[in-house]
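Containing compact mmCIF, C-alpha atoms: model_17.txt.
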```
# COMPACT_ATOMS: atom_id res chain seq x y z
CA MET A 154 -20.19 29.45 -20.59
CA THR A 155 -22.47 26.68 -21.82
CA LEU A 156 -26.04 27.51 -22.73
CA PRO A 157 -28.80 25.09 -21.82
CA MET A 158 -30.05 22.96 -24.70
CA ARG A 159 -33.71 22.26 -25.35
CA ARG A 160 -34.89 18.66 -25.13
CA THR A 161 -37.67 17.07 -27.15
CA ARG A 162 -40.57 15.20 -25.56
CA GLY A 163 -38.65 11.94 -25.84
CA GLY A 164 -35.86 13.39 -23.69
CA HIS A 165 -33.44 13.75 -26.60
CA LEU A 166 -31.50 16.93 -27.18
CA HIS A 167 -33.12 19.02 -29.88
CA GLY A 168 -31.46 18.25 -33.18
CA VAL A 169 -29.20 15.53 -31.77
CA GLU A 170 -29.71 11.82 -32.27
CA PRO A 171 -29.45 9.68 -29.10
CA SER A 172 -26.03 8.09 -28.75
CA PRO A 173 -25.36 4.58 -27.48
CA MET A 174 -24.16 6.16 -24.22
CA LEU A 175 -27.64 7.52 -23.56
CA ARG A 176 -29.16 4.06 -24.02
CA ARG A 177 -27.05 2.27 -21.38
CA ASP A 178 -28.58 -0.16 -18.93
CA ALA A 179 -28.19 1.32 -15.42
CA PHE A 180 -28.56 -2.09 -13.74
CA ALA A 181 -25.80 -3.56 -15.89
CA ASP A 182 -23.57 -0.59 -14.97
CA VAL A 183 -24.19 -1.17 -11.26
CA GLN A 184 -23.50 -4.90 -11.62
CA ASP A 185 -20.26 -4.11 -13.48
CA LEU A 186 -19.23 -1.73 -10.70
CA LEU A 187 -19.99 -4.35 -8.03
CA ASN A 188 -17.95 -6.93 -9.96
CA ARG A 189 -14.99 -4.54 -10.12
CA ILE A 190 -15.20 -3.76 -6.39
CA GLY A 191 -15.39 -7.47 -5.60
CA TRP A 192 -12.30 -8.10 -7.70
CA MET A 193 -10.35 -5.33 -5.91
CA VAL A 194 -11.36 -6.67 -2.48
CA GLN A 195 -10.36 -10.20 -3.49
CA GLN A 196 -6.96 -8.94 -4.70
CA THR A 197 -6.41 -7.26 -1.33
CA VAL A 198 -7.35 -10.42 0.57
CA ASP A 199 -5.11 -12.54 -1.65
CA ASN A 200 -2.16 -10.18 -1.18
CA GLU A 201 -2.59 -10.20 2.61
CA ALA A 202 -2.69 -13.99 2.68
CA GLU A 203 0.65 -14.16 0.86
CA GLY A 204 2.71 -12.02 3.22
CA PRO A 205 2.88 -10.40 6.63
CA TRP A 206 0.71 -7.41 7.53
CA VAL A 207 1.93 -4.18 9.10
CA PRO A 208 0.33 -3.17 12.42
CA VAL A 209 -0.73 0.38 13.19
CA ALA A 210 2.21 2.18 14.81
CA GLU A 211 2.91 5.47 16.55
CA ILE A 212 6.33 6.97 17.32
CA ASP A 213 6.87 9.63 19.98
CA GLU A 214 10.01 11.40 21.13
CA SER A 215 10.75 12.67 24.61
CA ASP A 216 13.87 14.35 25.99
CA ASP A 217 15.48 11.03 26.86
CA ALA A 218 13.93 8.38 24.55
CA TYR A 219 11.99 7.38 21.46
CA VAL A 220 8.81 5.41 22.15
CA VAL A 221 7.28 3.13 19.51
CA LYS A 222 3.75 1.82 20.13
CA LEU A 223 2.11 -0.88 17.99
CA GLU A 224 -1.49 -2.09 18.11
CA LEU A 225 -1.28 -5.87 18.50
CA PRO A 226 -4.56 -7.09 20.00
CA GLY A 227 -4.38 -10.64 21.30
CA VAL A 228 -0.62 -10.97 20.83
CA GLY A 229 1.41 -12.10 23.82
CA PRO A 230 5.09 -11.46 24.56
CA ALA A 231 6.02 -14.98 23.43
CA ASP A 232 4.68 -14.22 19.92
CA ILE A 233 6.79 -11.08 19.38
CA GLU A 234 10.42 -10.79 18.20
CA ILE A 235 12.20 -7.43 18.47
CA GLY A 236 15.63 -6.70 17.08
CA ILE A 237 17.86 -3.73 16.33
CA SER A 238 20.55 -3.96 13.70
CA ASP A 239 22.33 -1.17 11.82
CA ARG A 240 19.98 1.50 13.24
CA GLU A 241 16.93 -0.48 12.05
CA LEU A 242 14.20 -1.51 14.51
CA CYS A 243 12.45 -4.72 13.36
CA ILE A 244 9.40 -6.14 15.09
CA ASN A 245 8.01 -9.47 13.85
CA GLY A 246 5.51 -11.90 15.21
CA GLU A 247 2.36 -13.84 14.70
CA VAL A 248 -1.28 -13.52 15.68
CA ARG A 249 -2.40 -17.04 16.44
CA GLU A 250 -5.90 -18.46 16.36
CA GLN A 251 -7.74 -18.35 19.63
CA GLU A 252 -8.86 -21.36 21.54
CA GLU A 253 -12.53 -22.31 21.42
CA GLY A 254 -14.86 -20.45 23.73
CA SER A 255 -13.13 -17.09 23.54
CA ASN A 256 -15.27 -14.07 22.66
CA ALA A 257 -12.49 -11.79 21.38
CA LEU A 258 -12.69 -10.53 17.82
CA ARG A 259 -9.71 -10.55 15.46
CA VAL A 260 -9.13 -8.15 12.63
CA ARG A 261 -5.92 -9.80 11.45
CA MET A 262 -4.47 -13.29 11.70
CA GLY A 263 -1.05 -14.55 10.70
CA ARG A 264 2.42 -13.00 10.59
CA PHE A 265 3.07 -9.30 11.06
CA HIS A 266 6.14 -7.20 10.38
CA TYR A 267 7.09 -3.63 11.30
CA HIS A 268 10.39 -1.87 10.76
CA THR A 269 11.66 1.68 11.02
CA SER A 270 14.98 3.46 10.85
CA LEU A 271 16.36 4.88 14.08
CA PRO A 272 18.38 8.04 14.53
CA SER A 273 22.07 7.57 15.26
CA ASP A 274 21.72 8.92 18.80
CA VAL A 275 20.08 5.84 20.41
CA ASP A 276 21.35 3.55 23.13
CA GLU A 277 20.66 0.16 21.50
CA ASP A 278 21.86 -1.76 24.57
CA ASN A 279 19.13 -0.46 26.91
CA VAL A 280 15.94 -0.92 24.87
CA ASP A 281 12.95 -2.25 26.80
CA ALA A 282 9.54 -3.48 25.65
CA SER A 283 6.22 -4.43 27.21
CA VAL A 284 2.74 -5.47 26.10
CA ASP A 285 -0.32 -4.08 27.85
CA GLU A 286 -3.95 -4.45 26.69
CA GLY A 287 -2.99 -5.17 23.09
CA VAL A 288 -0.43 -2.38 22.76
CA LEU A 289 3.28 -3.16 22.41
CA THR A 290 5.44 -0.31 23.75
CA VAL A 291 9.13 -0.23 22.84
CA ARG A 292 11.21 2.41 24.63
CA ILE A 293 14.52 3.21 22.98
CA PRO A 294 16.68 5.53 25.13
CA LYS A 295 18.70 8.26 23.51
CA ALA A 296 22.47 8.07 23.87
CA SER A 297 23.61 10.04 26.93
CA GLN A 298 25.64 12.54 24.91
CA SER A 299 22.62 13.49 22.77
CA ARG A 300 20.05 14.01 25.54
CA ALA A 301 18.67 17.47 25.89
CA ARG A 302 19.58 19.21 29.09
CA ARG A 303 18.63 22.50 30.60
CA ILE A 304 21.38 24.97 31.33
CA GLU A 305 20.73 27.46 34.09
CA VAL A 306 21.65 31.04 33.37
CA ALA A 307 23.12 32.80 36.36
CA HIS A 308 21.88 36.24 37.28
CA GLY A 309 24.89 38.44 37.80
CA GLN A 310 26.75 41.45 36.59
CA SER A 311 28.75 41.64 33.43
CA GLU A 312 32.25 43.17 33.38
CA GLY A 313 31.11 46.63 32.43
CA ALA A 314 27.97 46.66 34.53
CA GLY A 315 27.80 48.69 37.72
CA ARG A 316 30.51 51.17 36.71
CA THR A 317 29.76 54.85 36.39
```

Here is the file; what I need is its structure written in the form of structure tokens.
Amino acid sequence: MTLPMRRTRGGHLHGVEPSPMLRRDAFADVQDLLNRIGWMVQQTVDNEAEGPWVPVAEIDESDDAYVVKLELPGVGPADIEIGISDRELCINGEVREQEEGSNALRVRMGRFHYHTSLPSDVDEDNVDASVDEGVLTVRIPKASQSRARRIEVAHGQSEGAGRT
């Protein structure tokens, strides 16, 4: 437990000389902090300019398929490449600049890249994809032998049932 210390009228701790830390310039500290934040933001912008960005993605699983959805506002089907190789789904493309007169806003411009590993139970030959309102949906069916199926249980008598 720390006991409170008495301060003198000048704000100094009783019996303790003010240290250089107590005499810091608050405005200089704020300016230093702003400079550091600006540097970090600039590093992020520079890194994004050098390589592709990764779109926001969501993966769902149903009984018969895996569904991958990516947020790609303003990207058309012609600007998207989808491939599957060695159980790896790769989606690449480019967000191009808009023509003059368009009012749409862009968060990202340039190349994008998304990849994920797929389970071994997919049917790579029957993958389909579509773009609707800025969302790319890729449906990857499960292989027929791995699909879940419901097995009905018959209501009947067992061998020993019904005997007295």

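The space separating CA of Asp274 (chain A) from CA of Leu223 (chain A) comes to 21.9 Å.
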
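Pairwise distance (CA of Val284 (chain A), CA of Ile237 (chain A)) equals 18.1 Å.
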
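Note that CA of Tyr267 (chain A) and CA of Ala231 (chain A) are 16.6 Å apart.
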
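Considering the residues A:Val280, A:Ala181, A:Ile293, A:Val306 and counting only C-alpha atoms, Ala218 (chain A) has its shortest atom-to-atom contact with A:Ile293.
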
Exercise. Pick from A:Asp217, A:Leu271, A:Ala282, A:Pro205: nearest to Ala296 (chain A), with only C-alpha atoms counted?
Worked result: A:Asp217

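Using all atoms listed in the file, the smallest distance between any of A:Ala179, A:Gly227, A:Ala210, A:Gly191 and Gly287 (chain A) comes from A:Gly227.
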
Seminar exercise, completed: One residue among A:Val275, A:Val220, A:Ile235, A:Val207 is nearest to Gly263 (chain A) when using all atoms listed in the file, and that residue is A:Val207
